[in-house]
>>> print(open('my_file-v4.cif').read())   # mmCIF, C-alpha atoms
data_target
loop_
_atom_site.group_PDB
_atom_site.id
_atom_site.type_symbol
_atom_site.label_atom_id
_atom_site.label_comp_id
_atom_site.auth_asym_id
_atom_site.auth_seq_id
_atom_site.Cartn_x
_atom_site.Cartn_y
_atom_site.Cartn_z
ATOM 1 C CA MET G 1 2.257 -6.425 22.100
ATOM 2 C CA ASN G 2 -0.581 -3.935 22.636
ATOM 3 C CA ASN G 3 -1.791 -3.503 19.045
ATOM 4 C CA PHE G 4 -4.061 -6.519 18.691
ATOM 5 C CA GLU G 5 -7.068 -4.372 17.740
ATOM 6 C CA THR G 6 -5.096 -2.813 14.869
ATOM 7 C CA VAL G 7 -3.640 -6.158 13.803
ATOM 8 C CA LYS G 8 -7.186 -7.550 13.700
ATOM 9 C CA GLU G 9 -7.982 -4.963 10.981
ATOM 10 C CA CYS G 10 -5.416 -6.614 8.690
ATOM 11 C CA PRO G 11 -6.973 -8.972 6.102
ATOM 12 C CA ILE G 12 -4.468 -11.641 7.157
ATOM 13 C CA PHE G 13 -6.536 -12.071 10.298
ATOM 14 C CA LYS G 14 -9.948 -11.767 8.674
ATOM 15 C CA ASN G 15 -12.586 -13.663 10.675
ATOM 16 C CA PHE G 16 -10.224 -14.132 13.621
ATOM 17 C CA SER G 17 -11.214 -13.136 17.143
ATOM 18 C CA ILE G 18 -8.905 -11.112 19.379
ATOM 19 C CA ASP G 19 -8.386 -14.184 21.572
ATOM 20 C CA GLU G 20 -7.370 -16.248 18.538
ATOM 21 C CA ILE G 21 -4.923 -13.559 17.406
ATOM 22 C CA ILE G 22 -3.397 -13.365 20.884
ATOM 23 C CA GLU G 23 -3.009 -17.154 20.807
ATOM 24 C CA ILE G 24 -1.287 -16.969 17.405
ATOM 25 C CA PHE G 25 1.168 -14.315 18.609
ATOM 26 C CA SER G 26 2.009 -16.433 21.647
ATOM 27 C CA VAL G 27 3.664 -19.046 19.396
ATOM 28 C CA ILE G 28 5.028 -17.128 16.371
ATOM 29 C CA SER G 29 8.185 -15.020 16.083
ATOM 30 C CA PHE G 30 7.590 -11.287 15.691
ATOM 31 C CA TYR G 31 8.894 -7.874 16.695
ATOM 32 C CA GLU G 32 7.739 -4.253 16.536
ATOM 33 C CA LYS G 33 9.685 -1.305 15.150
ATOM 34 C CA ASP G 34 9.088 2.427 14.715
ATOM 35 C CA TYR G 35 10.270 4.463 11.728
ATOM 36 C CA LYS G 36 10.643 8.176 11.051
ATOM 37 C CA LYS G 37 9.341 9.911 7.946
ATOM 38 C CA ASN G 38 11.537 9.115 4.896
ATOM 39 C CA ASP G 39 13.284 6.210 6.643
ATOM 40 C CA ILE G 40 14.104 3.315 4.316
ATOM 41 C CA ILE G 41 12.287 0.345 5.823
ATOM 42 C CA LEU G 42 13.586 -2.226 3.343
ATOM 43 C CA ALA G 43 16.327 -1.607 0.810
ATOM 44 C CA GLU G 44 16.134 -2.908 -2.736
ATOM 45 C CA ASN G 45 17.483 -6.458 -3.218
ATOM 46 C CA THR G 46 17.109 -7.299 0.463
ATOM 47 C CA LYS G 47 16.093 -10.890 1.185
ATOM 48 C CA VAL G 48 13.264 -10.826 3.712
ATOM 49 C CA GLU G 49 12.061 -13.497 6.099
ATOM 50 C CA TYR G 50 9.512 -11.302 7.869
ATOM 51 C CA PHE G 51 6.465 -9.559 6.405
ATOM 52 C CA GLY G 52 5.001 -6.412 7.928
ATOM 53 C CA ILE G 53 1.688 -5.199 9.304
ATOM 54 C CA ILE G 54 1.379 -1.427 9.628
ATOM 55 C CA THR G 55 -0.008 -0.382 13.016
ATOM 56 C CA ASN G 56 0.521 3.334 12.422
ATOM 57 C CA GLY G 57 1.459 5.632 9.547
ATOM 58 C CA LYS G 58 1.850 5.237 5.787
ATOM 59 C CA ILE G 59 4.530 3.548 3.672
ATOM 60 C CA ALA G 60 5.306 3.244 -0.030
ATOM 61 C CA LEU G 61 6.824 0.630 -2.304
ATOM 62 C CA SER G 62 8.970 2.522 -4.782
ATOM 63 C CA ASN G 63 11.915 2.386 -7.152
ATOM 64 C CA PHE G 64 14.020 4.934 -9.014
ATOM 65 C CA ASP G 65 14.654 5.299 -12.728
ATOM 66 C CA TYR G 66 17.998 6.018 -14.414
ATOM 67 C CA PHE G 67 17.575 9.767 -13.807
ATOM 68 C CA GLY G 68 16.768 9.398 -10.109
ATOM 69 C CA ASN G 69 13.028 9.962 -10.415
ATOM 70 C CA ARG G 70 10.976 8.095 -7.837
ATOM 71 C CA ASN G 71 8.155 5.830 -9.026
ATOM 72 C CA ILE G 72 5.638 4.832 -6.368
ATOM 73 C CA LEU G 73 4.349 1.328 -7.024
ATOM 74 C CA ASN G 74 1.872 1.113 -4.159
ATOM 75 C CA VAL G 75 0.992 2.787 -0.862
ATOM 76 C CA PHE G 76 -0.052 1.028 2.341
ATOM 77 C CA GLU G 77 -1.576 2.421 5.529
ATOM 78 C CA LYS G 78 -2.611 1.375 9.024
ATOM 79 C CA GLY G 79 -4.028 -2.143 9.001
ATOM 80 C CA ASP G 80 -2.372 -3.107 5.701
ATOM 81 C CA SER G 81 0.288 -5.785 5.291
ATOM 82 C CA PHE G 82 3.171 -5.967 2.829
ATOM 83 C CA ALA G 83 5.960 -8.301 1.600
ATOM 84 C CA GLU G 84 3.817 -11.434 2.115
ATOM 85 C CA ALA G 85 4.482 -12.801 -1.378
ATOM 86 C CA LEU G 86 8.202 -12.096 -1.150
ATOM 87 C CA VAL G 87 8.694 -14.071 2.055
ATOM 88 C CA SER G 88 6.549 -16.959 0.860
ATOM 89 C CA LEU G 89 8.597 -17.218 -2.357
ATOM 90 C CA GLU G 90 11.896 -16.553 -0.544
ATOM 91 C CA ILE G 91 13.044 -13.966 -3.087
ATOM 92 C CA GLN G 92 14.803 -10.619 -2.772
ATOM 93 C CA ILE G 93 12.680 -7.506 -2.673
ATOM 94 C CA PRO G 94 12.770 -5.873 -6.161
ATOM 95 C CA HIS G 95 12.053 -2.361 -4.839
ATOM 96 C CA GLU G 96 12.569 -0.308 -1.702
ATOM 97 C CA VAL G 97 10.035 0.318 1.040
ATOM 98 C CA ILE G 98 10.050 3.832 2.495
ATOM 99 C CA SER G 99 8.129 5.409 5.353
ATOM 100 C CA LEU G 100 6.059 8.343 4.028
ATOM 101 C CA THR G 101 5.173 9.380 7.586
ATOM 102 C CA ASP G 102 6.259 8.368 11.066
ATOM 103 C CA SER G 103 5.233 4.720 11.079
ATOM 104 C CA SER G 104 5.064 1.625 13.270
ATOM 105 C CA ILE G 105 5.261 -1.917 11.932
ATOM 106 C CA VAL G 106 4.793 -5.362 13.419
ATOM 107 C CA TRP G 107 7.155 -7.782 11.665
ATOM 108 C CA ILE G 108 6.087 -11.448 11.564
ATOM 109 C CA GLU G 109 8.380 -14.329 10.632
ATOM 110 C CA TYR G 110 6.606 -16.164 7.831
ATOM 111 C CA LYS G 111 7.973 -19.615 8.649
ATOM 112 C CA SER G 112 6.886 -19.359 12.286
ATOM 113 C CA LEU G 113 3.223 -19.165 11.239
ATOM 114 C CA SER G 114 3.329 -22.942 10.805
ATOM 115 C CA LYS G 115 3.514 -23.223 14.601
ATOM 116 C CA SER G 116 -0.053 -21.952 14.881
ATOM 117 C CA LEU G 117 -3.120 -24.162 14.969
ATOM 118 C CA TYR G 118 -4.705 -21.648 12.578
ATOM 119 C CA TYR G 119 -1.952 -21.958 9.964
ATOM 120 C CA GLN G 120 -4.187 -23.126 7.112
ATOM 121 C CA LYS G 121 -6.738 -20.382 7.727
ATOM 122 C CA ILE G 122 -3.950 -17.782 7.716
ATOM 123 C CA LEU G 123 -2.574 -19.166 4.437
ATOM 124 C CA ASN G 124 -6.016 -18.924 2.845
ATOM 125 C CA ASN G 125 -6.229 -15.275 3.867
ATOM 126 C CA LEU G 126 -2.710 -14.630 2.559
ATOM 127 C CA LEU G 127 -3.656 -16.132 -0.795
ATOM 128 C CA ASN G 128 -6.670 -13.809 -1.020
ATOM 129 C CA ILE G 129 -4.474 -10.809 -0.194
ATOM 130 C CA ILE G 130 -1.914 -11.687 -2.862
ATOM 131 C CA SER G 131 -4.688 -12.158 -5.442
ATOM 132 C CA THR G 132 -6.186 -8.772 -4.554
ATOM 133 C CA LYS G 133 -2.807 -7.070 -4.845
ATOM 134 C CA ASN G 134 -2.306 -8.611 -8.270
ATOM 135 C CA LEU G 135 -5.578 -7.026 -9.387
ATOM 136 C CA ILE G 136 -4.404 -3.670 -8.014
ATOM 137 C CA LEU G 137 -1.130 -4.038 -9.926
ATOM 138 C CA ASN G 138 -3.053 -4.742 -13.124
ATOM 139 C CA LYS G 139 -5.063 -1.553 -12.607
ATOM 140 C CA LYS G 140 -1.817 0.363 -12.089
ATOM 141 C CA LEU G 141 -0.491 -1.002 -15.391
ATOM 142 C CA GLN G 142 -3.710 0.080 -17.109
ATOM 143 C CA ILE G 143 -3.182 3.611 -15.779
ATOM 144 C CA LEU G 144 0.438 3.779 -16.934
ATOM 145 C CA SER G 145 -0.547 2.464 -20.372
ATOM 146 C CA LYS G 146 -2.600 5.597 -21.025
ATOM 147 C CA ARG G 147 -0.930 7.903 -23.513
ATOM 148 C CA THR G 148 -1.665 11.334 -22.041
ATOM 149 C CA THR G 149 -1.438 12.983 -18.637
ATOM 150 C CA ARG G 150 -5.181 13.644 -18.713
ATOM 151 C CA GLU G 151 -6.023 10.013 -19.439
ATOM 152 C CA LYS G 152 -3.754 8.793 -16.627
ATOM 153 C CA ILE G 153 -5.317 11.188 -14.115
ATOM 154 C CA LEU G 154 -8.895 10.333 -15.034
ATOM 155 C CA GLU G 155 -8.223 6.592 -15.051
ATOM 156 C CA TYR G 156 -6.607 6.837 -11.594
ATOM 157 C CA LEU G 157 -9.386 8.992 -10.131
ATOM 158 C CA SER G 158 -12.055 6.751 -11.619
ATOM 159 C CA ASN G 159 -10.452 3.690 -9.987
ATOM 160 C CA GLN G 160 -10.166 5.493 -6.659
ATOM 161 C CA LYS G 161 -13.794 6.568 -6.792
ATOM 162 C CA LYS G 162 -14.944 2.993 -7.428
ATOM 163 C CA ALA G 163 -12.815 1.678 -4.571
ATOM 164 C CA LEU G 164 -13.488 4.363 -1.975
ATOM 165 C CA SER G 165 -16.953 5.824 -2.432
ATOM 166 C CA LEU G 166 -20.530 5.033 -3.369
ATOM 167 C CA ASP G 167 -21.031 8.569 -4.670
ATOM 168 C CA SER G 168 -18.876 11.032 -6.594
ATOM 169 C CA ASN G 169 -16.918 12.313 -3.570
ATOM 170 C CA PHE G 170 -13.796 10.567 -2.318
ATOM 171 C CA GLU G 171 -10.448 11.274 -0.654
ATOM 172 C CA ILE G 172 -7.181 9.811 -1.916
ATOM 173 C CA ASN G 173 -4.255 8.890 0.358
ATOM 174 C CA LEU G 174 -1.556 10.615 -1.726
ATOM 175 C CA ASN G 175 -0.343 14.206 -1.664
ATOM 176 C CA ARG G 176 0.522 15.884 -4.982
ATOM 177 C CA ASN G 177 4.165 14.778 -5.030
ATOM 178 C CA GLU G 178 3.188 11.202 -4.201
ATOM 179 C CA MET G 179 0.402 11.245 -6.767
ATOM 180 C CA ALA G 180 2.844 12.452 -9.439
ATOM 181 C CA ASP G 181 5.299 9.698 -8.517
ATOM 182 C CA TYR G 182 2.527 7.086 -8.578
ATOM 183 C CA LEU G 183 1.354 8.175 -12.030
ATOM 184 C CA ALA G 184 4.922 8.616 -13.348
ATOM 185 C CA LEU G 185 4.225 12.279 -14.100
ATOM 186 C CA ASP G 186 6.055 15.542 -13.541
ATOM 187 C CA ARG G 187 4.544 17.380 -10.572
ATOM 188 C CA SER G 188 4.013 20.602 -12.522
ATOM 189 C CA ASN G 189 2.324 18.755 -15.406
ATOM 190 C CA LEU G 190 0.041 16.982 -12.942
ATOM 191 C CA SER G 191 -0.971 20.230 -11.241
ATOM 192 C CA ARG G 192 -1.500 21.962 -14.579
ATOM 193 C CA GLU G 193 -3.753 19.211 -15.920
ATOM 194 C CA LEU G 194 -5.737 18.978 -12.676
ATOM 195 C CA GLY G 195 -6.361 22.704 -12.956
ATOM 196 C CA LYS G 196 -7.577 22.329 -16.554
ATOM 197 C CA LEU G 197 -9.910 19.457 -15.638
ATOM 198 C CA LYS G 198 -11.364 21.574 -12.836
ATOM 199 C CA LYS G 199 -11.907 24.596 -15.092
ATOM 200 C CA GLU G 200 -13.616 22.406 -17.686
ATOM 201 C CA GLY G 201 -16.017 21.081 -15.054
ATOM 202 C CA ILE G 202 -14.835 17.485 -15.344
ATOM 203 C CA ILE G 203 -13.591 17.216 -11.758
ATOM 204 C CA ASP G 204 -13.557 19.271 -8.587
ATOM 205 C CA PHE G 205 -11.077 18.998 -5.751
ATOM 206 C CA LYS G 206 -9.697 20.574 -2.607
ATOM 207 C CA LYS G 207 -6.376 19.155 -1.473
ATOM 208 C CA ASN G 208 -6.876 15.350 -1.371
ATOM 209 C CA LYS G 209 -10.670 15.455 -1.639
ATOM 210 C CA PHE G 210 -11.951 14.897 -5.178
ATOM 211 C CA ARG G 211 -15.262 14.786 -6.974
ATOM 212 C CA LEU G 212 -15.982 13.488 -10.457
ATOM 213 C CA LEU G 213 -18.605 15.665 -12.150
#
>>> encode(input="my_file-v4.cif", output="structure tokens")
Amino acid sequence: MNNFETVKECPIFKNFSIDEIIEIFSVISFYEKDYKKNDIILAENTKVEYFGIITNGKIALSNFDYFGNRNILNVFEKGDSFAEALVSLEIQIPHEVISLTDSSIVWIEYKSLSKSLYYQKILNNLLNIISTKNLILNKKLQILSKRTTREKILEYLSNQKKALSLDSNFEINLNRNEMADYLALDRSNLSRELGKLKKEGIIDFKKNKFRLL
């Protein structure tokens, strides 16, 4: 594998050196796979034994409602990992994972991590990741609990600003369709409300770059 620098960016290997990561990969089971845009990486109800680290591209965890509308649960990019909790609990995946762009993923067999001398340190990092993702999920639930389109948008943008920037300017990783699916909104309603917020001087934006005023 030639992506050790990218893998090192993943929180699973926080405080690991490149040499330590190379040593870990010399004893664990893993493989690499490329995906095209819109490829289904994992289908709903699949039982997984490997978790993924994204070395290129962007993926989404999503499901579909009764009417076929897509709901994006979370989005992950280069350096992020996913499905760690599912493999550790040995349960089926309750949603599908789709590639939003051309993507590359390193798949690691969870059980094989026990072969590494650094197993306990890896588990500690995995626990921190799962805890962080639970906090993110709680924030998502807070957004969806808002009653109006405006409230959902402002709650989402406020959270993104806090997470991404020290000032009022920030760039989100979702296009308009993805943002609508993440917020469980109709695309036209989202665009209409964004336009109103801009006219009222509450926000400013250009494509994916936003500013809270």
>>> atom_distance(input="my_file-v4.cif", atom1="atom CA of G:Arg176", atom2="atom CA of G:Ile41")
22.3 Å
>>> resolve_selection(input="my_file-v4.cif", expression="the PyMOL selection byres ((chain G and resi 134-143) around 12)", output="MDAnalysis selection string")
chainID G and resid 61 71:75 85 127:133 144:160 163 182:185
>>> atom_distance(input="my_file-v4.cif", atom1="atom CA of G:Glu44", atom2="atom CA of G:Phe64")
10.3 Å
>>> atom_distance(input="my_file-v4.cif", atom1="atom CA of G:Asn169", atom2="atom CA of G:Asp181")
22.9 Å
>>> resolve_selection(input="my_file-v4.cif", expression="the PyMOL selection byres ((chain G and resi 210) around 9)", output="PDB file with C-alpha atoms, in the frame of the given file")
ATOM      1  CA  LEU G 157      -9.386   8.992 -10.131  1.00  0.00           C
ATOM      2  CA  LYS G 161     -13.794   6.568  -6.792  1.00  0.00           C
ATOM      3  CA  SER G 168     -18.876  11.032  -6.594  1.00  0.00           C
ATOM      4  CA  ASN G 169     -16.918  12.313  -3.570  1.00  0.00           C
ATOM      5  CA  PHE G 170     -13.796  10.567  -2.318  1.00  0.00           C
ATOM      6  CA  GLU G 171     -10.448  11.274  -0.654  1.00  0.00           C
ATOM      7  CA  ILE G 172      -7.181   9.811  -1.916  1.00  0.00           C
ATOM      8  CA  ILE G 203     -13.591  17.216 -11.758  1.00  0.00           C
ATOM      9  CA  ASP G 204     -13.557  19.271  -8.587  1.00  0.00           C
ATOM     10  CA  PHE G 205     -11.077  18.998  -5.751  1.00  0.00           C
ATOM     11  CA  LYS G 206      -9.697  20.574  -2.607  1.00  0.00           C
ATOM     12  CA  LYS G 207      -6.376  19.155  -1.473  1.00  0.00           C
ATOM     13  CA  ASN G 208      -6.876  15.350  -1.371  1.00  0.00           C
ATOM     14  CA  LYS G 209     -10.670  15.455  -1.639  1.00  0.00           C
ATOM     15  CA  ARG G 211     -15.262  14.786  -6.974  1.00  0.00           C
ATOM     16  CA  LEU G 212     -15.982  13.488 -10.457  1.00  0.00           C
TER      17      LEU G 212
END
>>> resolve_selection(input="my_file-v4.cif", expression="the PyMOL selection byres ((chain G and resi 26-31) around 9)", output="PyMOL selection string")
chain G and resi 1+21-25+32-33+50+105-116
>>> write_last_selection(input="my_file-v4.cif", atoms="C-alpha atoms", output="PDB file, in the frame of the given file")
ATOM      1  CA  MET G   1       2.257  -6.425  22.100  1.00  0.00           C
ATOM      2  CA  ILE G  21      -4.923 -13.559  17.406  1.00  0.00           C
ATOM      3  CA  ILE G  22      -3.397 -13.365  20.884  1.00  0.00           C
ATOM      4  CA  GLU G  23      -3.009 -17.154  20.807  1.00  0.00           C
ATOM      5  CA  ILE G  24      -1.287 -16.969  17.405  1.00  0.00           C
ATOM      6  CA  PHE G  25       1.168 -14.315  18.609  1.00  0.00           C
ATOM      7  CA  GLU G  32       7.739  -4.253  16.536  1.00  0.00           C
ATOM      8  CA  LYS G  33       9.685  -1.305  15.150  1.00  0.00           C
ATOM      9  CA  TYR G  50       9.512 -11.302   7.869  1.00  0.00           C
ATOM     10  CA  ILE G 105       5.261  -1.917  11.932  1.00  0.00           C
ATOM     11  CA  VAL G 106       4.793  -5.362  13.419  1.00  0.00           C
ATOM     12  CA  TRP G 107       7.155  -7.782  11.665  1.00  0.00           C
ATOM     13  CA  ILE G 108       6.087 -11.448  11.564  1.00  0.00           C
ATOM     14  CA  GLU G 109       8.380 -14.329  10.632  1.00  0.00           C
ATOM     15  CA  TYR G 110       6.606 -16.164   7.831  1.00  0.00           C
ATOM     16  CA  LYS G 111       7.973 -19.615   8.649  1.00  0.00           C
ATOM     17  CA  SER G 112       6.886 -19.359  12.286  1.00  0.00           C
ATOM     18  CA  LEU G 113       3.223 -19.165  11.239  1.00  0.00           C
ATOM     19  CA  SER G 114       3.329 -22.942  10.805  1.00  0.00           C
ATOM     20  CA  LYS G 115       3.514 -23.223  14.601  1.00  0.00           C
ATOM     21  CA  SER G 116      -0.053 -21.952  14.881  1.00  0.00           C
TER      22      SER G 116
END
>>> closest_residue(input="my_file-v4.cif", among="G:Glu178, G:Phe51, G:Ile202, G:Gly195", to="G:Asn69", atoms="all atoms listed in the file")
G:Glu178
>>> closest_residue(input="my_file-v4.cif", among="G:Arg192, G:Lys37, G:Lys8, G:Arg187", to="G:Ile98", atoms="all atoms listed in the file")
G:Lys37
>>> closest_residue(input="my_file-v4.cif", among="G:Met179, G:Ile18, G:Leu174, G:Val48", to="G:Phe76", atoms="only C-alpha atoms")
G:Leu174
>>> closest_residue(input="my_file-v4.cif", among="G:Lys58, G:Lys196, G:Lys47, G:Lys78", to="G:His95", atoms="all atoms listed in the file")
G:Lys47
>>> closest_residue(input="my_file-v4.cif", among="G:Ala180, G:Leu117, G:Leu197, G:Val97", to="G:Ile40", atoms="all atoms listed in the file")
G:Val97
>>> closest_residue(input="my_file-v4.cif", among="G:Asn56, G:Ser188, G:Asn38, G:Asn125", to="G:Ile12", atoms="all atoms listed in the file")
G:Asn125
>>> build_atoms(input="my_file-v4.cif", residues="stretch 148-162 of chain G", atoms="N, CA, C and O atoms", output="tab-separated table (two decimals), in the coordinates of the input")
chain	number	residue	atom	x	y	z
G	148	THR	N	-1.77	9.92	-22.42
G	148	THR	CA	-1.66	11.33	-22.04
G	148	THR	C	-1.79	11.50	-20.53
G	148	THR	O	-2.30	10.63	-19.82
G	149	THR	N	-1.33	12.65	-20.05
G	149	THR	CA	-1.44	12.98	-18.64
G	149	THR	C	-2.89	12.99	-18.20
G	149	THR	O	-3.25	12.45	-17.14
G	150	ARG	N	-3.75	13.57	-19.03
G	150	ARG	CA	-5.18	13.64	-18.71
G	150	ARG	C	-5.79	12.24	-18.57
G	150	ARG	O	-6.52	11.98	-17.62
G	151	GLU	N	-5.48	11.37	-19.49
G	151	GLU	CA	-6.02	10.01	-19.44
G	151	GLU	C	-5.55	9.27	-18.19
G	151	GLU	O	-6.32	8.53	-17.56
G	152	LYS	N	-4.28	9.44	-17.82
G	152	LYS	CA	-3.75	8.79	-16.63
G	152	LYS	C	-4.47	9.29	-15.37
G	152	LYS	O	-4.85	8.50	-14.51
G	153	ILE	N	-4.66	10.61	-15.28
G	153	ILE	CA	-5.32	11.19	-14.12
G	153	ILE	C	-6.75	10.69	-13.99
G	153	ILE	O	-7.18	10.26	-12.90
G	154	LEU	N	-7.49	10.73	-15.07
G	154	LEU	CA	-8.90	10.33	-15.03
G	154	LEU	C	-9.06	8.84	-14.77
G	154	LEU	O	-9.99	8.43	-14.06
G	155	GLU	N	-8.17	8.03	-15.31
G	155	GLU	CA	-8.22	6.59	-15.05
G	155	GLU	C	-7.94	6.32	-13.57
G	155	GLU	O	-8.63	5.52	-12.93
G	156	TYR	N	-6.95	7.00	-13.02
G	156	TYR	CA	-6.61	6.84	-11.59
G	156	TYR	C	-7.76	7.29	-10.71
G	156	TYR	O	-8.17	6.57	-9.78
G	157	LEU	N	-8.30	8.47	-10.96
G	157	LEU	CA	-9.39	8.99	-10.13
G	157	LEU	C	-10.64	8.13	-10.25
G	157	LEU	O	-11.34	7.92	-9.27
G	158	SER	N	-10.90	7.63	-11.43
G	158	SER	CA	-12.06	6.75	-11.62
G	158	SER	C	-11.91	5.48	-10.79
G	158	SER	O	-12.86	5.02	-10.14
G	159	ASN	N	-10.70	4.89	-10.79
G	159	ASN	CA	-10.45	3.69	-9.99
G	159	ASN	C	-10.59	3.97	-8.50
G	159	ASN	O	-11.14	3.16	-7.74
G	160	GLN	N	-10.08	5.13	-8.07
G	160	GLN	CA	-10.17	5.49	-6.66
G	160	GLN	C	-11.62	5.71	-6.23
G	160	GLN	O	-12.02	5.29	-5.14
G	161	LYS	N	-12.39	6.33	-7.10
G	161	LYS	CA	-13.79	6.57	-6.79
G	161	LYS	C	-14.53	5.26	-6.62
G	161	LYS	O	-15.31	5.07	-5.68
G	162	LYS	N	-14.29	4.30	-7.51
G	162	LYS	CA	-14.94	2.99	-7.43
G	162	LYS	C	-14.56	2.25	-6.15
G	162	LYS	O	-15.37	1.55	-5.55
